[in-house]
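Next up, data-v2.txt (compact mmCIF, C-alpha atoms and all ligand atoms):
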```
# COMPACT_ATOMS: atom_id res chain seq x y z
CA MET A 1 5.39 -7.65 -13.57
CA ARG A 2 3.18 -10.73 -13.45
CA SER A 3 -0.08 -9.31 -12.19
CA ILE A 4 -1.27 -10.73 -8.87
CA ASP A 5 -4.78 -12.12 -8.64
CA TYR A 6 -5.57 -11.60 -4.96
CA ASP A 7 -8.67 -13.80 -5.34
CA THR A 8 -6.50 -16.84 -6.00
CA GLU A 9 -3.31 -15.98 -4.09
CA GLN A 10 -2.28 -14.15 -0.93
CA HIS A 11 -5.78 -13.41 0.46
CA LYS A 12 -5.60 -16.20 3.09
CA ASP A 13 -2.27 -15.12 4.55
CA TYR A 14 -2.10 -11.42 3.71
CA ALA A 15 -3.42 -10.10 7.05
CA ARG A 16 -0.90 -12.22 8.98
CA GLY A 17 2.00 -11.81 6.57
CA ARG A 18 1.64 -8.03 6.37
CA ALA A 19 0.28 -7.24 9.85
CA LEU A 20 1.26 -3.88 11.33
CA SER A 21 1.87 -3.38 15.04
CA GLN A 22 -0.04 -0.62 16.83
CA ARG A 23 3.19 1.39 16.95
CA GLN A 24 3.67 1.07 13.19
CA LEU A 25 0.04 2.04 12.55
CA ASP A 26 0.39 5.09 14.83
CA VAL A 27 3.45 6.25 12.86
CA TRP A 28 1.53 5.97 9.59
CA VAL A 29 -1.53 7.77 10.93
CA SER A 30 0.70 10.62 12.18
CA ALA A 31 2.35 10.84 8.76
CA PHE A 32 -1.08 11.04 7.06
CA GLU A 33 -2.28 13.62 9.59
CA ALA A 34 0.71 15.85 8.79
CA VAL A 35 -0.40 16.28 5.16
CA LEU A 36 -4.20 16.32 5.59
CA PRO A 37 -6.47 19.30 6.35
CA GLU A 38 -6.94 19.97 10.08
CA ARG A 39 -10.76 20.02 10.19
CA ARG A 40 -12.63 16.90 11.34
CA PRO A 41 -14.37 14.78 10.31
CA LEU A 42 -12.75 14.09 6.96
CA THR A 43 -14.42 11.75 4.50
CA GLY A 44 -11.85 9.22 3.34
CA LEU A 45 -11.28 6.61 0.67
CA ASP A 46 -8.86 3.72 1.09
CA ILE A 47 -8.27 2.69 -2.53
CA GLY A 48 -7.05 -0.89 -2.83
CA SER A 49 -7.93 -1.40 0.82
CA GLY A 50 -7.08 -5.11 0.72
CA THR A 51 -7.76 -6.80 4.06
CA GLY A 52 -8.31 -3.39 5.69
CA ARG A 53 -4.87 -2.98 7.22
CA PHE A 54 -5.31 0.80 7.41
CA THR A 55 -9.06 1.38 7.00
CA PRO A 56 -10.29 1.22 10.65
CA ALA A 57 -7.30 3.28 11.84
CA LEU A 58 -8.17 5.96 9.25
CA ALA A 59 -11.77 6.01 10.48
CA GLY A 60 -10.63 6.33 14.09
CA ALA A 61 -8.31 9.22 13.33
CA PHE A 62 -10.15 11.21 10.66
CA GLY A 63 -13.79 10.15 10.13
CA PRO A 64 -15.83 7.83 7.89
CA VAL A 65 -13.90 5.77 5.34
CA THR A 66 -14.89 3.72 2.33
CA GLY A 67 -12.48 0.94 1.44
CA VAL A 68 -12.53 0.34 -2.33
CA GLU A 69 -11.13 -3.06 -3.28
CA PRO A 70 -11.39 -5.16 -6.47
CA SER A 71 -10.68 -8.57 -4.89
CA VAL A 72 -13.75 -10.30 -3.45
CA ARG A 73 -11.62 -12.47 -1.15
CA MET A 74 -9.52 -9.58 0.21
CA ARG A 75 -12.76 -7.66 0.83
CA GLU A 76 -14.25 -10.65 2.66
CA VAL A 77 -11.30 -10.76 5.04
CA ALA A 78 -11.57 -7.00 5.60
CA GLN A 79 -15.29 -7.24 6.29
CA ARG A 80 -14.80 -10.09 8.76
CA GLN A 81 -12.14 -8.12 10.62
CA SER A 82 -13.78 -4.69 10.44
CA ARG A 83 -14.34 -3.36 13.92
CA HIS A 84 -15.20 0.25 13.20
CA PRO A 85 -18.75 1.56 12.66
CA ASP A 86 -17.48 4.27 10.27
CA VAL A 87 -15.90 1.81 7.84
CA ARG A 88 -17.54 0.25 4.81
CA TYR A 89 -16.00 -1.77 2.00
CA VAL A 90 -17.18 -1.72 -1.61
CA ALA A 91 -16.14 -3.37 -4.86
CA GLY A 92 -14.19 -1.08 -7.15
CA ALA A 93 -10.74 -0.07 -8.32
CA ALA A 94 -8.71 3.10 -8.74
CA GLU A 95 -9.93 3.29 -12.34
CA ALA A 96 -13.63 3.01 -11.33
CA ILE A 97 -14.46 4.28 -7.84
CA PRO A 98 -18.13 3.80 -6.97
CA VAL A 99 -18.68 7.08 -5.10
CA PRO A 100 -20.11 10.44 -6.27
CA SER A 101 -17.88 13.16 -7.71
CA ALA A 102 -16.26 15.56 -5.23
CA SER A 103 -17.38 13.49 -2.24
CA ALA A 104 -14.10 12.72 -0.45
CA ASP A 105 -11.53 14.84 1.39
CA TYR A 106 -8.70 12.39 0.85
CA ALA A 107 -7.80 9.07 -0.71
CA LEU A 108 -5.08 6.78 0.54
CA MET A 109 -3.41 4.36 -1.86
CA ALA A 110 -1.17 2.18 0.29
CA TRP A 111 0.94 -0.39 -1.58
CA SER A 112 -1.73 -0.51 -4.34
CA TRP A 113 -0.64 1.99 -7.06
CA HIS A 114 1.79 -0.48 -8.66
CA HIS A 115 -1.11 -2.90 -9.21
CA VAL A 116 -3.17 -0.38 -11.19
CA ARG A 117 -3.18 -1.28 -14.86
CA ASP A 118 -4.65 1.89 -16.43
CA LYS A 119 -2.79 4.58 -14.50
CA PRO A 120 -3.87 7.64 -16.58
CA ARG A 121 -7.49 6.59 -16.10
CA ALA A 122 -6.95 6.11 -12.36
CA ALA A 123 -5.40 9.61 -12.09
CA ARG A 124 -8.54 11.11 -13.71
CA GLU A 125 -10.90 9.01 -11.60
CA LEU A 126 -9.13 9.90 -8.35
CA ALA A 127 -9.40 13.60 -9.29
CA ARG A 128 -13.14 13.18 -9.93
CA VAL A 129 -13.90 11.79 -6.45
CA LEU A 130 -11.88 14.28 -4.40
CA ARG A 131 -13.25 17.65 -3.30
CA PRO A 132 -11.31 20.80 -4.23
CA GLY A 133 -8.34 20.98 -1.87
CA GLY A 134 -8.52 17.21 -1.28
CA ARG A 135 -5.41 15.08 -0.97
CA LEU A 136 -4.18 11.83 -2.46
CA LEU A 137 -1.70 10.00 -0.22
CA LEU A 138 0.36 7.71 -2.40
CA ARG A 139 2.32 5.29 -0.25
CA THR A 140 4.23 3.34 -2.82
CA ASN A 141 7.81 2.52 -3.69
CA PHE A 142 9.58 3.98 -6.71
CA SER A 143 12.31 2.19 -8.65
CA ASP A 144 14.65 5.10 -7.81
CA HIS A 145 13.40 5.71 -4.23
CA HIS A 146 13.11 2.30 -2.68
CA PRO A 147 13.52 1.30 0.97
CA TRP A 148 15.48 -1.86 0.09
CA PRO A 149 14.60 -4.42 2.77
CA TRP A 150 17.51 -6.17 4.52
CA TRP A 151 16.47 -9.67 3.36
CA LEU A 152 16.35 -8.88 -0.38
CA GLU A 153 20.06 -9.58 -0.95
CA TYR A 154 19.54 -13.30 -0.26
CA PHE A 155 17.23 -13.79 -3.25
CA PRO A 156 18.77 -14.25 -6.70
CA ARG A 157 17.68 -11.29 -8.89
CA GLY A 158 16.00 -9.84 -5.77
CA TYR A 159 16.99 -6.19 -6.33
CA GLU A 160 16.41 -6.30 -10.07
CA VAL A 161 12.95 -7.90 -9.82
CA GLU A 162 11.85 -5.71 -6.90
CA ALA A 163 12.88 -2.53 -8.78
CA SER A 164 10.97 -3.70 -11.86
CA LEU A 165 7.71 -3.71 -9.90
CA PHE A 166 7.81 0.06 -9.47
CA GLN A 167 8.01 3.15 -11.70
CA PRO A 168 10.58 5.90 -11.18
CA LEU A 169 9.27 8.86 -9.19
CA HIS A 170 9.26 11.28 -12.16
CA GLU A 171 7.06 8.89 -14.18
CA VAL A 172 4.44 8.67 -11.43
CA ILE A 173 4.47 12.45 -11.02
CA ALA A 174 4.10 12.91 -14.82
CA THR A 175 1.02 10.66 -14.88
CA PHE A 176 -0.64 12.88 -12.29
CA THR A 177 0.49 16.29 -13.55
CA SER A 178 -0.77 15.33 -17.04
CA ALA A 179 -4.18 14.88 -15.41
CA GLY A 180 -4.01 18.32 -13.72
CA TRP A 181 -2.66 17.28 -10.29
CA ARG A 182 0.08 19.05 -8.38
CA VAL A 183 2.53 17.59 -5.86
CA THR A 184 2.10 19.04 -2.37
CA ASP A 185 4.60 16.88 -0.48
CA PHE A 186 7.18 14.15 -0.85
CA THR A 187 8.58 12.60 2.27
CA THR A 188 9.86 9.39 3.79
CA VAL A 189 8.20 7.80 6.79
CA THR A 190 10.29 5.59 9.04
CA GLU A 191 8.18 2.57 9.83
CA PRO A 192 9.33 1.10 13.15
CA SER A 193 10.90 -2.37 13.26
CA PRO A 194 8.36 -5.13 12.60
CA GLY A 195 9.91 -7.33 15.32
CA THR A 196 12.83 -9.77 15.35
CA LEU A 197 14.59 -11.25 12.34
CA GLY A 198 13.02 -14.58 13.30
CA ASP A 199 9.49 -13.07 13.32
CA MET A 200 10.15 -11.48 9.97
CA LEU A 201 11.33 -14.76 8.43
CA GLU A 202 8.11 -16.46 9.57
CA ARG A 203 6.08 -13.74 7.87
CA LEU A 204 8.15 -13.79 4.69
CA ARG A 205 7.52 -17.53 4.43
CA LEU A 206 3.84 -16.68 3.86
CA ARG A 207 4.96 -14.98 0.61
CA THR A 208 2.49 -12.11 0.79
CA LEU A 209 4.71 -9.81 -1.25
CA SER A 210 4.47 -9.24 -5.02
CA LEU A 211 8.20 -9.98 -5.39
CA PHE A 212 7.77 -13.65 -4.54
CA ALA A 213 5.22 -14.12 -7.33
CA GLN A 214 7.86 -12.97 -9.84
CA LEU A 215 10.66 -15.35 -8.79
CA ASN A 216 10.94 -18.91 -10.13
CA PRO A 217 10.90 -21.96 -7.78
CA ASP A 218 14.72 -22.29 -7.83
CA GLU A 219 15.21 -18.62 -6.93
CA LEU A 220 12.69 -18.93 -4.11
CA GLU A 221 14.31 -22.07 -2.75
CA THR A 222 17.80 -20.58 -2.88
CA GLY A 223 16.63 -17.29 -1.39
CA PHE A 224 14.79 -18.82 1.56
CA ARG A 225 17.65 -21.25 2.25
CA ARG A 226 20.21 -18.42 2.40
CA LEU A 227 17.86 -16.24 4.43
CA GLU A 228 17.24 -19.02 6.96
CA GLN A 229 21.00 -19.49 7.41
CA ALA A 230 21.50 -15.76 7.95
CA VAL A 231 18.62 -15.46 10.43
CA ALA A 232 19.72 -18.60 12.35
CA ALA A 233 22.83 -16.68 13.46
CA HIS A 234 20.77 -13.88 15.15
CA PRO A 235 17.07 -14.82 15.29
CA ASP A 236 16.30 -12.43 18.16
CA ALA A 237 17.99 -9.37 16.69
CA PRO A 238 15.51 -6.62 15.77
CA ALA A 239 14.67 -6.31 12.07
CA PRO A 240 15.72 -2.85 10.83
CA ALA A 241 13.19 -0.03 10.50
CA LEU A 242 12.48 1.06 6.91
CA ALA A 243 12.26 4.64 5.59
CA GLU A 244 9.41 4.46 3.10
CA PRO A 245 8.48 7.14 0.56
CA MET A 246 5.09 8.87 0.44
CA LEU A 247 3.93 11.28 -2.25
CA THR A 248 1.01 13.64 -1.59
CA LEU A 249 -0.92 15.27 -4.43
CA GLU A 250 -3.79 17.72 -4.86
CA PRO A 251 -6.17 17.48 -7.82
CA GLY A 252 -6.71 20.38 -10.21
CA GLU A 253 -10.04 21.39 -11.71
CA VAL A 254 -11.94 18.44 -13.15
CA PRO A 255 -12.71 19.38 -16.80
C1 LIG B 1 -0.38 -5.12 -1.51
S1 LIG B 1 -2.12 -5.04 -1.38
C2 LIG B 1 -2.32 -3.57 -0.37
C3 LIG B 1 -3.60 -3.61 0.43
C4 LIG B 1 -3.71 -2.50 1.50
N1 LIG B 1 -3.74 -1.19 0.92
C5 LIG B 1 -2.57 -2.63 2.47
O1 LIG B 1 -1.72 -1.73 2.54
O2 LIG B 1 -2.52 -3.64 3.16
C6 LIG B 1 -2.61 -4.45 -2.97
C7 LIG B 1 -4.11 -4.34 -3.13
O3 LIG B 1 -4.39 -3.57 -4.32
C8 LIG B 1 -5.53 -4.12 -4.91
N2 LIG B 1 -5.62 -3.70 -6.31
C9 LIG B 1 -5.27 -4.39 -7.42
N3 LIG B 1 -5.57 -3.67 -8.52
C10 LIG B 1 -6.10 -2.51 -8.09
C11 LIG B 1 -6.64 -1.38 -8.75
N4 LIG B 1 -6.65 -1.28 -10.07
N5 LIG B 1 -7.15 -0.39 -8.00
C12 LIG B 1 -7.12 -0.46 -6.65
N6 LIG B 1 -6.65 -1.52 -5.98
C13 LIG B 1 -6.14 -2.53 -6.69
C14 LIG B 1 -5.35 -5.61 -4.72
O4 LIG B 1 -6.56 -6.33 -4.92
C15 LIG B 1 -4.80 -5.68 -3.31
O5 LIG B 1 -5.81 -5.82 -2.36
```
So that I can check it, write out the structure of this file as structure tokens.
Ligand SMILES: C[S@@+](CC[C@H](N)C(=O)[O-])C[C@H]1O[C@@H](n2cnc3c(N)ncnc32)[C@H](O)[C@@H]1O
Amino acid sequence: MRSIDYDTEQHKDYARGRALSQRQLDVWVSAFEAVLPERRPLTGLDIGSGTGRFTPALAGAFGPVTGVEPSVRMREVAQRQSRHPDVRYVAGAAEAIPVPSASADYALMAWSWHHVRDKPRAARELARVLRPGGRLLLRTNFSDHHPWPWWLEYFPRGYEVEASLFQPLHEVIATFTSAGWRVTDFTTVTEPSPGTLGDMLERLRLRTLSLFAQLNPDELETGFRRLEQAVAAHPDAPAPALAEPMLTLEPGEVP
């Protein structure tokens, strides 16, 4: 995949293009709660926190959270929008997390694992920062477990390019088990509808999805033209809910 530089693209529109409704956020927080320890507070890390879509909600539900994000611009947006006293954002990446060893109860990686370049190193680094019994919540797609969105069919090479952004599930699991992790859960979370087809088209036009950076101008033009025609027939119909995979892992002993 062409790697995305969030400092030069997407940062301006990401929060709008990828906004979650309160209902959608509540569903995610409940899904995280189901696989996390029951005690409170929990110390959390939001790795690849972006514009902080999840970070304040994690703090509200579980306890203090550090958002770790490599892009200066994405971090700036997050900091401007942060409205929770238990949230802080720091520069860093999954391969280099600027917190002490064994200092966090959980780490969330939401839509960020596929951007990590050195995955074996990230698996070791994530194990270093979690306490024994800690949890990594990996909300990512897999090339063989993908919640294909309804609009993808309109884009030439849409399915092929989208699948190429993600690894198959067994490959992700192998990266972690090679670093001593074990899988504790694999589930799908049904994210409620994001609104109407018309709303969704407006958000897609902002192109805050990695797929759009991989398509050429002709493919984008064709795709959006076909999508607009399809949506024009039923702009107020609800966009379908998506069942999205989530893998939960527990680190082993750090050597
Ligand atoms: C699609 S956004 C997801 C942001 C946020 N987690 C969310 O769900 O809205 C991907 C984020 O991963 C970040 N990222 C890129 N490389 C990363 C890495 N090696 N480690 C952690 N995050 C990374 C990007 O800068 C970007 O903010």
Closest atom pairs, residues of region 139-243 of chain A within 9 Å of region 121-124 of chain A, all atoms listed in the file, as JSON lines:
```
{"residue": "A:Thr175", "atom": "CA", "partner": "A:Ala123", "partner_atom": "CA", "distance": 7.1}
{"residue": "A:Phe176", "atom": "CA", "partner": "A:Ala123", "partner_atom": "CA", "distance": 5.8}
{"residue": "A:Ser178", "atom": "CA", "partner": "A:Ala123", "partner_atom": "CA", "distance": 8.9}
{"residue": "A:Ala179", "atom": "CA", "partner": "A:Arg124", "partner_atom": "CA", "distance": 6.0}
{"residue": "A:Gly180", "atom": "CA", "partner": "A:Arg124", "partner_atom": "CA", "distance": 8.5}
{"residue": "A:Trp181", "atom": "CA", "partner": "A:Ala123", "partner_atom": "CA", "distance": 8.3}
```
Just want the 8 Å neighbourhood of Gly133 (chain A), counted on all atoms listed in the file, with same-chain residues fewer than 5 positions away dropped. Output as a compact mmCIF listing (two decimals) with C-alpha atoms, in the coordinates of the input.
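Done, and the output landed in selection.txt:
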```
# COMPACT_ATOMS: atom_id res chain seq x y z
CA ASP A 105 -11.53 14.84 1.39
CA GLU A 250 -3.79 17.72 -4.86
CA PRO A 251 -6.17 17.48 -7.82
```
Compare A:Val35, A:Leu206, A:Leu201, A:Ile4 by their minimum atom-to-atom distance to ligand LIG 1 (chain B), counting only C-alpha atoms and all ligand atoms, and give me the closest one.
-> A:Ile4
Write out as a ChimeraX atom specification which residues come within 12 Å of Arg117 (chain A) when counting all atoms listed in the file, dropping same-chain ones fewer than 2 positions away.
-> /A:1-4,93-96,112-115,119-123
Give the centre and edge lengths of an axis-aligned box, in Å to one decimal, that holds all listed atoms of ligand LIG 1 (chain B) with 4 Å on each side, as AutoDock Vina command-line options.
```
--center_x -3.8 --center_y -3.4 --center_z -3.5 --size_x 14.8 --size_y 13.9 --size_z 21.2
```
List as a tab-separated table (two decimals) with C-alpha atoms, in the coordinates of the input the protein and nucleic acid residues near Pro245 (chain A), meaning an atom at most 10 Å away when all atoms listed in the file are counted, but skip any in the same chain fewer than 4 places from it.
```tsv
chain	number	residue	atom	x	y	z
A	138	LEU	CA	0.36	7.71	-2.40
A	139	ARG	CA	2.32	5.29	-0.25
A	140	THR	CA	4.23	3.34	-2.82
A	141	ASN	CA	7.81	2.52	-3.69
A	142	PHE	CA	9.58	3.98	-6.71
A	145	HIS	CA	13.40	5.71	-4.23
A	146	HIS	CA	13.11	2.30	-2.68
A	147	PRO	CA	13.52	1.30	0.97
A	169	LEU	CA	9.27	8.86	-9.19
A	186	PHE	CA	7.18	14.15	-0.85
A	187	THR	CA	8.58	12.60	2.27
A	188	THR	CA	9.86	9.39	3.79
A	189	VAL	CA	8.20	7.80	6.79
A	190	THR	CA	10.29	5.59	9.04
```
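Shortest atom-to-atom contact with ligand LIG 1 (chain B) among A:Ser30, A:Ser101, A:Ser193, A:Ser49: A:Ser49, counting all atoms listed in the file.
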Counting all atoms listed in the file, closest pick from A:Asp13, A:Glu162, A:Glu69, A:Glu76 relative to ligand LIG 1 (chain B) is A:Glu69
For the point (-9.4, 10.1, 0.0) in the file's frame, write as a PyMOL selection string all residues with an atom no more than 7 Å away, counting all atoms listed in the file.
-> chain A and resi 43-46+104-108+130+135-136
Hey, what's within 7 Å of Phe62 (chain A) if we count all atoms listed in the file and toss same-chain stuff fewer than 2 positions away? As a PyMOL selection string, please?
-> chain A and resi 40-42+58-60
Would you please work out which residue, of A:Thr222, A:Thr184, A:Thr196, A:Thr177, is nearest to Ala34 (chain A) when using all atoms listed in the file?
-> A:Thr184
Extract, using only C-alpha atoms, all DNA, RNA and protein residues at most 12 Å from Glu38 (chain A), discarding same-chain residues fewer than 5 positions from it, and format them as a list in words.
->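 Contacts, in chain order: Phe32, Glu33, Ala61, Phe62, Gly63, Asp105 and Gly134 of chain A.
For the pair CA of His170 (chain A) and atom C9 of ligand LIG 1 (chain B), the separation is 21.9 Å.
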Counting all atoms listed in the file, figure out which residue out of A:Pro132, A:Gly92, A:Pro149, A:Gly252 gets nearest to ligand LIG 1 (chain B).
->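 When distances to ligand LIG 1 (chain B) are compared using all atoms listed in the file, the smallest one comes from A:Gly92.
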Neighbour residues at most 9 Å from (16.3, -12.8, -3.5) (all atoms listed in the file) as a PDB file with C-alpha atoms, keeping the file's coordinate frame:
```
ATOM      1  CA  TRP A 151      16.470  -9.670   3.360  1.00  0.00           C
ATOM      2  CA  LEU A 152      16.350  -8.880  -0.380  1.00  0.00           C
ATOM      3  CA  GLU A 153      20.060  -9.580  -0.950  1.00  0.00           C
ATOM      4  CA  TYR A 154      19.540 -13.300  -0.260  1.00  0.00           C
ATOM      5  CA  PHE A 155      17.230 -13.790  -3.250  1.00  0.00           C
ATOM      6  CA  PRO A 156      18.770 -14.250  -6.700  1.00  0.00           C
ATOM      7  CA  ARG A 157      17.680 -11.290  -8.890  1.00  0.00           C
ATOM      8  CA  GLY A 158      16.000  -9.840  -5.770  1.00  0.00           C
ATOM      9  CA  TYR A 159      16.990  -6.190  -6.330  1.00  0.00           C
ATOM     10  CA  VAL A 161      12.950  -7.900  -9.820  1.00  0.00           C
ATOM     11  CA  LEU A 211       8.200  -9.980  -5.390  1.00  0.00           C
ATOM     12  CA  PHE A 212       7.770 -13.650  -4.540  1.00  0.00           C
ATOM     13  CA  LEU A 215      10.660 -15.350  -8.790  1.00  0.00           C
ATOM     14  CA  GLU A 219      15.210 -18.620  -6.930  1.00  0.00           C
ATOM     15  CA  LEU A 220      12.690 -18.930  -4.110  1.00  0.00           C
ATOM     16  CA  THR A 222      17.800 -20.580  -2.880  1.00  0.00           C
ATOM     17  CA  GLY A 223      16.630 -17.290  -1.390  1.00  0.00           C
ATOM     18  CA  PHE A 224      14.790 -18.820   1.560  1.00  0.00           C
ATOM     19  CA  LEU A 227      17.860 -16.240   4.430  1.00  0.00           C
TER      20      LEU A 227
END
```
